Structures are given as structure tokens and as C-alpha cells.
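For reference, structure.txt is printed below; it contains compact mmCIF, C-alpha atoms and all ligand atoms.
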```
# COMPACT_ATOMS: atom_id res chain seq x y z
CA MET A 1 -32.84 2.38 -14.96
CA SER A 2 -35.23 5.06 -16.16
CA VAL A 3 -36.50 6.26 -12.77
CA LEU A 4 -34.39 7.42 -9.85
CA HIS A 5 -35.83 7.09 -6.35
CA ALA A 6 -34.86 10.08 -4.20
CA GLY A 7 -36.85 10.20 -0.97
CA PRO A 8 -40.50 10.76 -1.96
CA HIS A 9 -39.48 11.84 -5.49
CA ARG A 10 -39.49 9.65 -8.59
CA LEU A 11 -37.25 11.33 -11.15
CA SER A 12 -37.68 10.20 -14.73
CA LEU A 13 -34.38 9.76 -16.55
CA LEU A 14 -35.88 9.37 -20.00
CA LYS A 15 -34.60 12.89 -20.62
CA PRO A 16 -31.27 14.06 -19.15
CA LEU A 17 -31.60 16.02 -15.91
CA ILE A 18 -29.68 19.10 -14.81
CA MET A 19 -28.18 19.34 -11.34
CA GLY A 20 -27.40 22.96 -10.47
CA ILE A 21 -24.37 23.64 -8.27
CA VAL A 22 -25.02 25.66 -5.12
CA ASN A 23 -21.84 26.50 -3.24
CA THR A 24 -22.03 27.81 0.30
CA THR A 25 -18.25 27.89 0.72
CA PRO A 26 -16.64 31.30 1.24
CA ASP A 27 -13.60 29.99 -0.72
CA SER A 28 -15.77 28.62 -3.52
CA PHE A 29 -13.68 28.67 -6.71
CA SER A 30 -16.51 29.63 -8.95
CA ASP A 31 -18.89 31.86 -7.02
CA GLY A 32 -16.24 34.25 -5.78
CA GLY A 33 -17.83 34.45 -2.35
CA ARG A 34 -21.28 35.49 -3.62
CA CYS A 35 -23.05 32.76 -1.73
CA GLN A 36 -21.68 33.62 1.67
CA ASP A 37 -24.87 33.55 3.60
CA ALA A 38 -27.88 31.31 3.49
CA ARG A 39 -30.20 33.88 1.99
CA SER A 40 -28.04 34.64 -1.02
CA ALA A 41 -27.32 30.92 -1.53
CA ILE A 42 -31.06 30.19 -1.52
CA GLN A 43 -31.71 33.06 -3.92
CA HIS A 44 -29.00 31.80 -6.27
CA ALA A 45 -30.36 28.25 -6.07
CA LEU A 46 -33.91 29.35 -6.83
CA GLN A 47 -32.62 31.20 -9.87
CA LEU A 48 -30.96 27.97 -11.05
CA ARG A 49 -34.24 26.14 -10.50
CA ASP A 50 -36.11 28.77 -12.52
CA GLU A 51 -33.53 28.41 -15.29
CA GLY A 52 -34.24 24.67 -15.49
CA ALA A 53 -32.32 22.82 -12.77
CA ASP A 54 -34.10 19.60 -11.77
CA ILE A 55 -31.89 19.00 -8.73
CA LEU A 56 -29.97 21.50 -6.57
CA ASP A 57 -26.65 20.25 -5.15
CA VAL A 58 -25.74 22.14 -1.97
CA GLY A 59 -22.11 21.95 -0.83
CA GLY A 60 -20.31 23.47 2.15
CA GLU A 61 -16.76 22.23 1.55
CA SER A 62 -14.90 22.83 -1.67
CA THR A 63 -13.55 19.73 -3.42
CA ARG A 64 -11.24 21.62 -5.77
CA PRO A 65 -7.61 20.44 -5.81
CA GLY A 66 -5.75 21.67 -2.72
CA ALA A 67 -8.89 22.93 -0.96
CA GLU A 68 -8.74 23.13 2.83
CA ARG A 69 -10.74 20.80 5.03
CA VAL A 70 -13.79 22.30 6.78
CA PRO A 71 -14.72 21.20 10.31
CA VAL A 72 -17.93 19.19 10.48
CA ASN A 73 -19.90 21.74 12.52
CA GLU A 74 -18.92 24.56 10.18
CA GLU A 75 -20.00 22.52 7.16
CA ILE A 76 -23.35 21.70 8.80
CA SER A 77 -23.96 25.33 9.68
CA ARG A 78 -23.32 26.31 6.04
CA VAL A 79 -25.52 23.74 4.32
CA VAL A 80 -28.44 23.06 6.68
CA PRO A 81 -30.18 26.48 6.49
CA VAL A 82 -29.87 26.44 2.71
CA ILE A 83 -31.25 22.92 2.42
CA GLU A 84 -34.15 23.75 4.76
CA GLY A 85 -35.01 26.84 2.73
CA LEU A 86 -34.92 24.99 -0.60
CA ALA A 87 -36.82 21.95 0.65
CA TYR A 88 -39.48 24.32 2.00
CA GLN A 89 -39.80 25.74 -1.53
CA GLY A 90 -40.40 22.23 -2.90
CA CYS A 91 -36.99 21.82 -4.57
CA VAL A 92 -35.28 18.45 -5.04
CA VAL A 93 -32.19 18.97 -2.89
CA SER A 94 -28.93 17.04 -2.90
CA VAL A 95 -26.13 17.50 -0.39
CA ASP A 96 -22.54 17.45 -1.63
CA THR A 97 -20.55 16.02 1.26
CA LYS A 98 -18.29 13.14 2.26
CA LYS A 99 -18.98 13.36 5.99
CA PRO A 100 -21.58 11.06 7.58
CA GLU A 101 -22.50 13.68 10.22
CA VAL A 102 -23.24 16.22 7.50
CA MET A 103 -25.23 13.62 5.53
CA ARG A 104 -27.43 12.93 8.57
CA ALA A 105 -28.01 16.64 9.28
CA ALA A 106 -28.74 17.36 5.60
CA LEU A 107 -31.19 14.47 5.26
CA GLU A 108 -32.95 15.63 8.42
CA ALA A 109 -33.15 19.14 6.90
CA GLY A 110 -34.88 17.86 3.76
CA ALA A 111 -32.18 16.70 1.33
CA VAL A 112 -33.28 13.69 -0.73
CA MET A 113 -29.95 12.86 -2.31
CA VAL A 114 -26.33 12.53 -1.19
CA ASN A 115 -23.60 13.40 -3.67
CA ASP A 116 -20.42 11.90 -2.23
CA VAL A 117 -17.08 12.30 -4.00
CA MET A 118 -15.81 9.49 -1.74
CA ALA A 119 -18.60 7.10 -2.74
CA LEU A 120 -19.68 6.47 0.88
CA GLN A 121 -16.26 5.13 1.90
CA ALA A 122 -15.99 7.18 5.12
CA PRO A 123 -16.71 5.09 8.21
CA GLY A 124 -20.44 5.38 8.96
CA ALA A 125 -21.41 6.87 5.58
CA LEU A 126 -23.25 3.80 4.28
CA GLU A 127 -25.23 3.59 7.53
CA ALA A 128 -26.00 7.33 7.49
CA VAL A 129 -27.76 6.97 4.15
CA ALA A 130 -29.11 3.40 4.11
CA LYS A 131 -32.41 3.83 5.92
CA SER A 132 -33.14 7.34 4.66
CA GLY A 133 -34.62 6.53 1.26
CA ALA A 134 -32.30 9.13 -0.27
CA ALA A 135 -30.61 8.70 -3.63
CA VAL A 136 -26.81 8.49 -3.69
CA CYS A 137 -24.26 9.50 -6.28
CA LEU A 138 -21.14 7.32 -6.02
CA MET A 139 -18.17 9.13 -7.53
CA HIS A 140 -14.69 7.86 -8.34
CA MET A 141 -11.69 9.76 -7.01
CA GLN A 142 -8.03 8.72 -6.89
CA GLY A 143 -6.42 10.10 -3.71
CA GLU A 144 -7.83 13.05 -1.76
CA PRO A 145 -8.75 16.58 -2.87
CA GLN A 146 -5.68 17.99 -1.07
CA THR A 147 -3.21 15.92 -3.15
CA MET A 148 -5.14 14.17 -5.92
CA GLN A 149 -3.73 16.13 -8.85
CA GLN A 150 -0.07 15.68 -7.88
CA ALA A 151 0.68 12.54 -9.92
CA PRO A 152 -2.38 10.48 -10.82
CA VAL A 153 -1.41 7.09 -12.30
CA TYR A 154 -3.57 4.34 -13.82
CA GLY A 155 -2.93 1.21 -15.84
CA ASN A 156 -6.25 1.63 -17.66
CA VAL A 157 -8.29 4.49 -16.26
CA VAL A 158 -11.62 3.32 -17.70
CA ASP A 159 -11.23 -0.24 -16.35
CA GLU A 160 -10.11 1.00 -12.95
CA VAL A 161 -12.95 3.50 -12.57
CA LEU A 162 -15.44 0.83 -13.64
CA GLN A 163 -14.06 -1.71 -11.14
CA PHE A 164 -14.09 0.82 -8.31
CA LEU A 165 -17.69 1.80 -8.99
CA GLN A 166 -18.74 -1.86 -9.24
CA GLY A 167 -17.28 -2.42 -5.76
CA ARG A 168 -19.05 0.60 -4.29
CA VAL A 169 -22.39 -0.41 -5.83
CA ARG A 170 -21.97 -3.82 -4.23
CA ALA A 171 -21.16 -2.23 -0.86
CA CYS A 172 -24.35 -0.14 -1.11
CA GLU A 173 -26.47 -3.18 -1.92
CA VAL A 174 -25.01 -5.08 1.04
CA ALA A 175 -25.78 -2.08 3.28
CA GLY A 176 -29.41 -2.10 2.11
CA ILE A 177 -29.34 0.72 -0.44
CA PRO A 178 -31.19 -0.56 -3.51
CA ARG A 179 -30.01 0.13 -7.04
CA THR A 180 -33.10 2.27 -7.68
CA ARG A 181 -31.47 4.91 -5.45
CA LEU A 182 -27.99 4.83 -7.01
CA LEU A 183 -26.15 6.89 -9.61
CA VAL A 184 -22.50 6.54 -10.61
CA ASP A 185 -19.97 9.15 -11.69
CA PRO A 186 -16.43 8.79 -13.15
CA GLY A 187 -15.28 11.90 -11.26
CA PHE A 188 -13.79 14.10 -13.97
CA GLY A 189 -10.78 15.96 -12.57
CA PHE A 190 -10.56 13.95 -9.35
CA GLY A 191 -7.08 12.44 -9.46
CA LYS A 192 -6.97 12.49 -13.28
CA THR A 193 -4.78 14.12 -15.90
CA LEU A 194 -6.23 15.64 -19.04
CA GLN A 195 -5.52 12.37 -20.89
CA HIS A 196 -7.36 10.37 -18.19
CA ASN A 197 -10.35 12.72 -18.40
CA LEU A 198 -10.45 12.50 -22.19
CA ALA A 199 -10.23 8.70 -22.11
CA LEU A 200 -13.15 8.60 -19.67
CA LEU A 201 -15.26 10.92 -21.79
CA ARG A 202 -14.35 9.07 -25.00
CA HIS A 203 -15.27 5.70 -23.49
CA LEU A 204 -18.05 6.82 -21.14
CA GLU A 205 -20.37 4.18 -22.61
CA ARG A 206 -18.29 1.49 -20.86
CA LEU A 207 -19.73 2.70 -17.55
CA LEU A 208 -23.22 1.85 -18.81
CA GLU A 209 -22.22 -1.77 -18.04
CA LEU A 210 -23.14 -0.92 -14.45
CA ASP A 211 -26.75 -0.47 -15.58
CA LEU A 212 -27.14 2.62 -13.41
CA PRO A 213 -27.75 6.27 -14.27
CA LEU A 214 -24.55 8.16 -15.05
CA LEU A 215 -23.91 11.58 -13.54
CA VAL A 216 -21.08 13.72 -14.88
CA GLY A 217 -19.59 17.04 -13.86
CA MET A 218 -17.06 18.97 -15.92
CA SER A 219 -18.36 22.50 -15.37
CA ARG A 220 -15.53 25.07 -15.22
CA LYS A 221 -12.95 22.35 -14.58
CA SER A 222 -9.30 22.65 -15.51
CA MET A 223 -9.65 20.07 -18.31
CA LEU A 224 -11.75 22.66 -20.15
CA GLY A 225 -9.15 25.34 -19.46
CA GLN A 226 -6.37 23.07 -20.73
CA LEU A 227 -8.25 22.43 -23.97
CA THR A 228 -9.40 26.00 -24.66
CA GLY A 229 -6.84 28.18 -22.87
CA ARG A 230 -9.73 29.95 -21.13
CA GLU A 231 -10.00 31.17 -17.55
CA ILE A 232 -12.44 29.60 -15.14
CA ASP A 233 -15.27 32.09 -15.75
CA GLN A 234 -15.02 31.74 -19.53
CA ARG A 235 -15.51 28.00 -19.90
CA GLU A 236 -19.26 27.98 -20.39
CA PHE A 237 -19.29 27.03 -24.10
CA ALA A 238 -16.67 24.34 -23.62
CA GLY A 239 -18.65 23.00 -20.68
CA VAL A 240 -21.86 22.78 -22.68
CA ALA A 241 -20.02 20.94 -25.48
CA ALA A 242 -18.38 18.49 -23.08
CA HIS A 243 -21.60 17.72 -21.20
CA LEU A 244 -23.50 17.25 -24.45
CA MET A 245 -20.86 14.77 -25.60
CA ALA A 246 -21.41 12.93 -22.33
CA VAL A 247 -25.16 12.86 -22.96
CA VAL A 248 -24.58 11.36 -26.40
CA ARG A 249 -22.56 8.62 -24.65
CA GLY A 250 -25.29 7.91 -22.09
CA ALA A 251 -24.98 10.43 -19.23
CA ARG A 252 -28.31 11.15 -17.58
CA VAL A 253 -27.54 13.81 -14.97
CA LEU A 254 -25.33 16.85 -15.65
CA ARG A 255 -23.84 18.73 -12.70
CA VAL A 256 -23.30 22.30 -13.88
CA HIS A 257 -22.94 25.90 -12.73
CA GLN A 258 -24.60 27.50 -15.76
CA VAL A 259 -27.99 25.92 -15.97
CA ALA A 260 -29.65 28.07 -18.64
CA ALA A 261 -27.01 27.31 -21.27
CA MET A 262 -27.20 23.59 -20.54
CA ARG A 263 -30.98 23.63 -20.65
CA ASP A 264 -30.92 25.20 -24.12
CA ALA A 265 -28.43 22.63 -25.40
CA LEU A 266 -30.59 19.81 -24.03
CA ALA A 267 -33.67 21.31 -25.71
CA ILE A 268 -31.94 20.74 -29.05
CA TRP A 269 -30.77 17.24 -28.10
CA ASN A 270 -34.22 16.22 -26.84
CA ALA A 271 -35.91 17.54 -29.98
CA VAL A 272 -33.52 15.71 -32.31
CA GLU A 273 -33.77 12.48 -30.31
CA GLY A 274 -37.54 12.79 -30.00
CA THR A 275 -37.44 12.33 -26.24
C1 LIG B 301 -18.76 17.95 -5.74
N1 LIG B 301 -18.31 17.70 -7.10
C2 LIG B 301 -17.39 18.41 -7.79
N2 LIG B 301 -17.21 17.86 -9.02
C3 LIG B 301 -18.06 16.80 -9.09
C4 LIG B 301 -18.33 15.84 -10.06
O1 LIG B 301 -17.69 15.82 -11.22
N3 LIG B 301 -19.25 14.89 -9.80
C5 LIG B 301 -19.89 14.87 -8.60
N4 LIG B 301 -20.80 13.90 -8.39
N5 LIG B 301 -19.66 15.76 -7.63
C6 LIG B 301 -18.76 16.70 -7.87
```
Turn the structure described in the file into C-alpha cells.
Ligand code: 9MG
Amino acid sequence: MSVLHAGPHRLSLLKPLIMGIVNTTPDSFSDGGRCQDARSAIQHALQLRDEGADILDVGGESTRPGAERVPVNEEISRVVPVIEGLAYQGCVVSVDTKKPEVMRAALEAGAVMVNDVMALQAPGALEAVAKSGAAVCLMHMQGEPQTMQQAPVYGNVVDEVLQFLQGRVRACEVAGIPRTRLLVDPGFGFGKTLQHNLALLRHLERLLELDLPLLVGMSRKSMLGQLTGREIDQREFAGVAAHLMAVVRGARVLRVHQVAAMRDALAIWNAVEGT
């Protein structure tokens, strides 16, 4: 799977790609409310693109543990103007949402990828995406963002994540979404303890059995804070290290806040690997 089909785009995965995170949520845990209106969100996103982001992931509802739900119309009014502005500028735009109504509005506005932490399990989500031609990231999560970190339990976390993703890939194929449009993601921090996250990173190669591009996101997450003792805005170096370890184990798309640092790390990796 060396090319991802995302609307009219054909994204080569021979080298790892960077997905820059664009939050439009006023309660966003990492932007501290900077991206409160469409213009500043677009400006921030274009800076990420200039720093080396290949894809911009626009989200209007926080998925951090305990985050409040956002009504569908509010989420649409946050993301659509930003997506329109970025698509107009020729960016490859992804929408981070689990709601089919938001997916439809975002795709209409120019998004070419859906990043769904619920892996298109909401009623109507598969149908919202199937005919669009958009790429889809299917992520694993145990529970729901409101409660997922309370007591996550697995027999074998790697096996269970793999089985879940296999099932969702099958559901996409049945719904008419071809594998050329799919990515899979173990969902670091989504219903997982530090030990679960470490096991997934250590054994990430197991997910290559799915024969689909792997997307990972660990940027600023609590697993990095637990390992380094650092606050959320001081986890950049740990994040680069963790994402690079994922690349070594086969990850092909890295969802990060700090694009420039990741781009520099990948420049070294690409040079050494000769890619
Ligand atoms: C929205 N979001 C937050 N964390 C994420 C992760 O690790 N992967 C994906 N695909 N989306 C995420």
C-alpha cells in the first residue's frame, strides 16, 4: 500500500507523511484557545503546511479524556469555514470527527479525508463516506472519550486492537470503501494505560498484517508526560522520539502538533534509509 487515494489526491507513502493538527475547539487542550475563529485557525494551518505538513486535520470537538460533547451544528460551524479556506488554498484537508452529519458537511466543503476515532461505527457514518472518494482513518478506541481512561482492560491489547481494526476494514469494504482509501490507527491514549500504549508501540509491526498504511498520534499525550514528567507544552522532544520509533516500526502517517520538529527528524530518517 504505497499510495493513498484521498479524493482527487494520490499521496505517496514511500516516505512518511506528516498530518498537522488544526483544532478549532475553544477548549482545545493544546492550543489554549488560539484557534477560536476561522481566520486564526486557517492562519495556523497554513503555517503548519509551510513547515512541512502534508495533510491538515481539522477538528471541532476535542477527543481528550473527559471532553464535553459538542452539538452537531456547532461542530459544523467550527470546521466548515476552516476546511473551505484550506481547500481553496490547495491543501489536503482531513476532518477529525465521529459524526456522519459533520463528515457530509466537511466533504462538501472540500475535505478529502475523514479521521474518525470511532472508525465509522456511528449509524450512517459508513454511508456518509462511501461514495465520496475520501480517504478514511479507522482508529481503535476502548469506550468513549468521556470515560475511556477510567479503567481500560485488555487480555492482549495488541491482538484486540488488531482484531477490531480487521473488523472495521471488512465493514468498510462491504460498504464499498476500497482498501486504497483506508488507513488504520491503534489509537494511542484512547482507553489505554501507559503499559497498553507501550505494548502497542513496541509491537506496532503486528498491525502491518492488515496491509494498510498505519497512522499514529502521540503528540502531547499523557503517555509522554508519564514517561518524562513534563507538562503538556513541553513534550515536543519526547513526541518526536516516540513518532520516530513508530516510523521505524512501519508507521506512515504521523499526526502531530509540532510539524517543523517532526519534519527535521524525518529528514534524518529519510536520508539514512535512502528514501
Ligand atoms: C483526533 N485524534 C486525537 N488523537 C488521535 C490519534 O492518535 N489518532 C487519530 N487518528 N486521531 C486522533
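When all atoms listed in the file are used to compute distances to ligand LIG 301 (chain B), the closest of the residues A:Thr147, A:Thr25, A:Gln258, A:Ser219 turns out to be A:Ser219.
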Output, as lines of an AutoDock Vina configuration file, the centre and edge lengths in Å (one decimal) of the axis-aligned box that contains all listed atoms of ligand LIG 301 (chain B) with 5 Å of margin on each side.
```
center_x = -19.0
center_y = 16.2
center_z = -8.5
size_x = 13.6
size_y = 14.5
size_z = 15.5
```
Interatomic distance (Å, one decimal) between atom CA of Ser62 of chain A and atom CA of Gln195 of chain A: 23.8 Å
Segment 13-23 of chain A surroundings by all atoms listed in the file, 7 Å radius, close-in-sequence under 5 positions cut, as a PyMOL selection string: chain A and resi 2-3+28+35+41+45+48+53-60+252-257+259+275
Filtering to C-alpha atoms, could you give me those residues as an mmCIF file, in the frame of the given file?
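Result went into result-v1.cif, see below:
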```cif
data_model
loop_
_atom_site.group_PDB
_atom_site.id
_atom_site.type_symbol
_atom_site.label_atom_id
_atom_site.label_comp_id
_atom_site.auth_asym_id
_atom_site.auth_seq_id
_atom_site.Cartn_x
_atom_site.Cartn_y
_atom_site.Cartn_z
ATOM 1 C CA SER A 2 -35.230 5.060 -16.160
ATOM 2 C CA VAL A 3 -36.500 6.260 -12.770
ATOM 3 C CA SER A 28 -15.770 28.620 -3.520
ATOM 4 C CA CYS A 35 -23.050 32.760 -1.730
ATOM 5 C CA ALA A 41 -27.320 30.920 -1.530
ATOM 6 C CA ALA A 45 -30.360 28.250 -6.070
ATOM 7 C CA LEU A 48 -30.960 27.970 -11.050
ATOM 8 C CA ALA A 53 -32.320 22.820 -12.770
ATOM 9 C CA ASP A 54 -34.100 19.600 -11.770
ATOM 10 C CA ILE A 55 -31.890 19.000 -8.730
ATOM 11 C CA LEU A 56 -29.970 21.500 -6.570
ATOM 12 C CA ASP A 57 -26.650 20.250 -5.150
ATOM 13 C CA VAL A 58 -25.740 22.140 -1.970
ATOM 14 C CA GLY A 59 -22.110 21.950 -0.830
ATOM 15 C CA GLY A 60 -20.310 23.470 2.150
ATOM 16 C CA ARG A 252 -28.310 11.150 -17.580
ATOM 17 C CA VAL A 253 -27.540 13.810 -14.970
ATOM 18 C CA LEU A 254 -25.330 16.850 -15.650
ATOM 19 C CA ARG A 255 -23.840 18.730 -12.700
ATOM 20 C CA VAL A 256 -23.300 22.300 -13.880
ATOM 21 C CA HIS A 257 -22.940 25.900 -12.730
ATOM 22 C CA VAL A 259 -27.990 25.920 -15.970
ATOM 23 C CA THR A 275 -37.440 12.330 -26.240
#
```
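From atom CA of Val70 of chain A back to atom CA of Ala106 of chain A, the distance works out to 15.8 Å.
Excluding Ser222 of chain A itself and same-chain residues fewer than 5 positions from it, the residues having an atom within 9 Å of it are Gly189, Leu194, Leu227, Glu231 and Ile232 of chain A, counting all atoms listed in the file.
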Let me see the file: selected residues, C-alpha atoms, as a PDB file, keeping the file's coordinate frame.
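Heads up, here's the output in out-v2.pdb:
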```pdb
ATOM      1  CA  GLY A 189     -10.780  15.960 -12.570  1.00  0.00           C
ATOM      2  CA  LEU A 194      -6.230  15.640 -19.040  1.00  0.00           C
ATOM      3  CA  LEU A 227      -8.250  22.430 -23.970  1.00  0.00           C
ATOM      4  CA  GLU A 231     -10.000  31.170 -17.550  1.00  0.00           C
ATOM      5  CA  ILE A 232     -12.440  29.600 -15.140  1.00  0.00           C
TER       6      ILE A 232
END
```
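Checking A:Val102, A:Ala134, A:Leu120, A:Val216 one by one against ligand LIG 301 (chain B), counting only C-alpha atoms and all ligand atoms, you find the shortest gap at A:Val216.
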Test item: residues lying within 8 Å of ligand LIG 301 (chain B) with all atoms listed in the file, as number ranges by chain: A: 59, 62-64, 96-97, 115-117, 137-139, 184-190, 215-219, 255
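Here atom CA of Lys221 of chain A stands at a distance of 14.7 Å from atom CA of Met141 of chain A.
If you count all atoms listed in the file and ignore residues fewer than 4 places along the chain from Gln163 of chain A, what sits within 12 Å of it is His140, Asn156, Val157, Val158, Asp159, Gly167, Arg168, Val169, Arg170, Val184, Pro186, Arg206, Leu207, Glu209 and Leu210 of chain A.
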Which of A:Leu182, A:Ile177, A:Leu46, A:Leu224 sits closest to Leu126 of chain A [using only C-alpha atoms]: A:Ile177
For Leu266 of chain A: contacts at 10 Å, all atoms listed in the file, fewer than 2 positions along chain excluded, given as a PyMOL selection string: chain A and resi 15-18+240+243-244+247+260-264+268-272
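Comparing the minimum interatomic distances between Arg181 of chain A and each of A:Arg235, A:His44, A:Lys98, A:Lys131, counting only C-alpha atoms, we find that A:Lys131 sits nearest.
Nearest to Leu198 of chain A of all the residues A:Ala242, A:Pro81, A:Pro178, A:Pro213 is A:Ala242, based on all atoms listed in the file.
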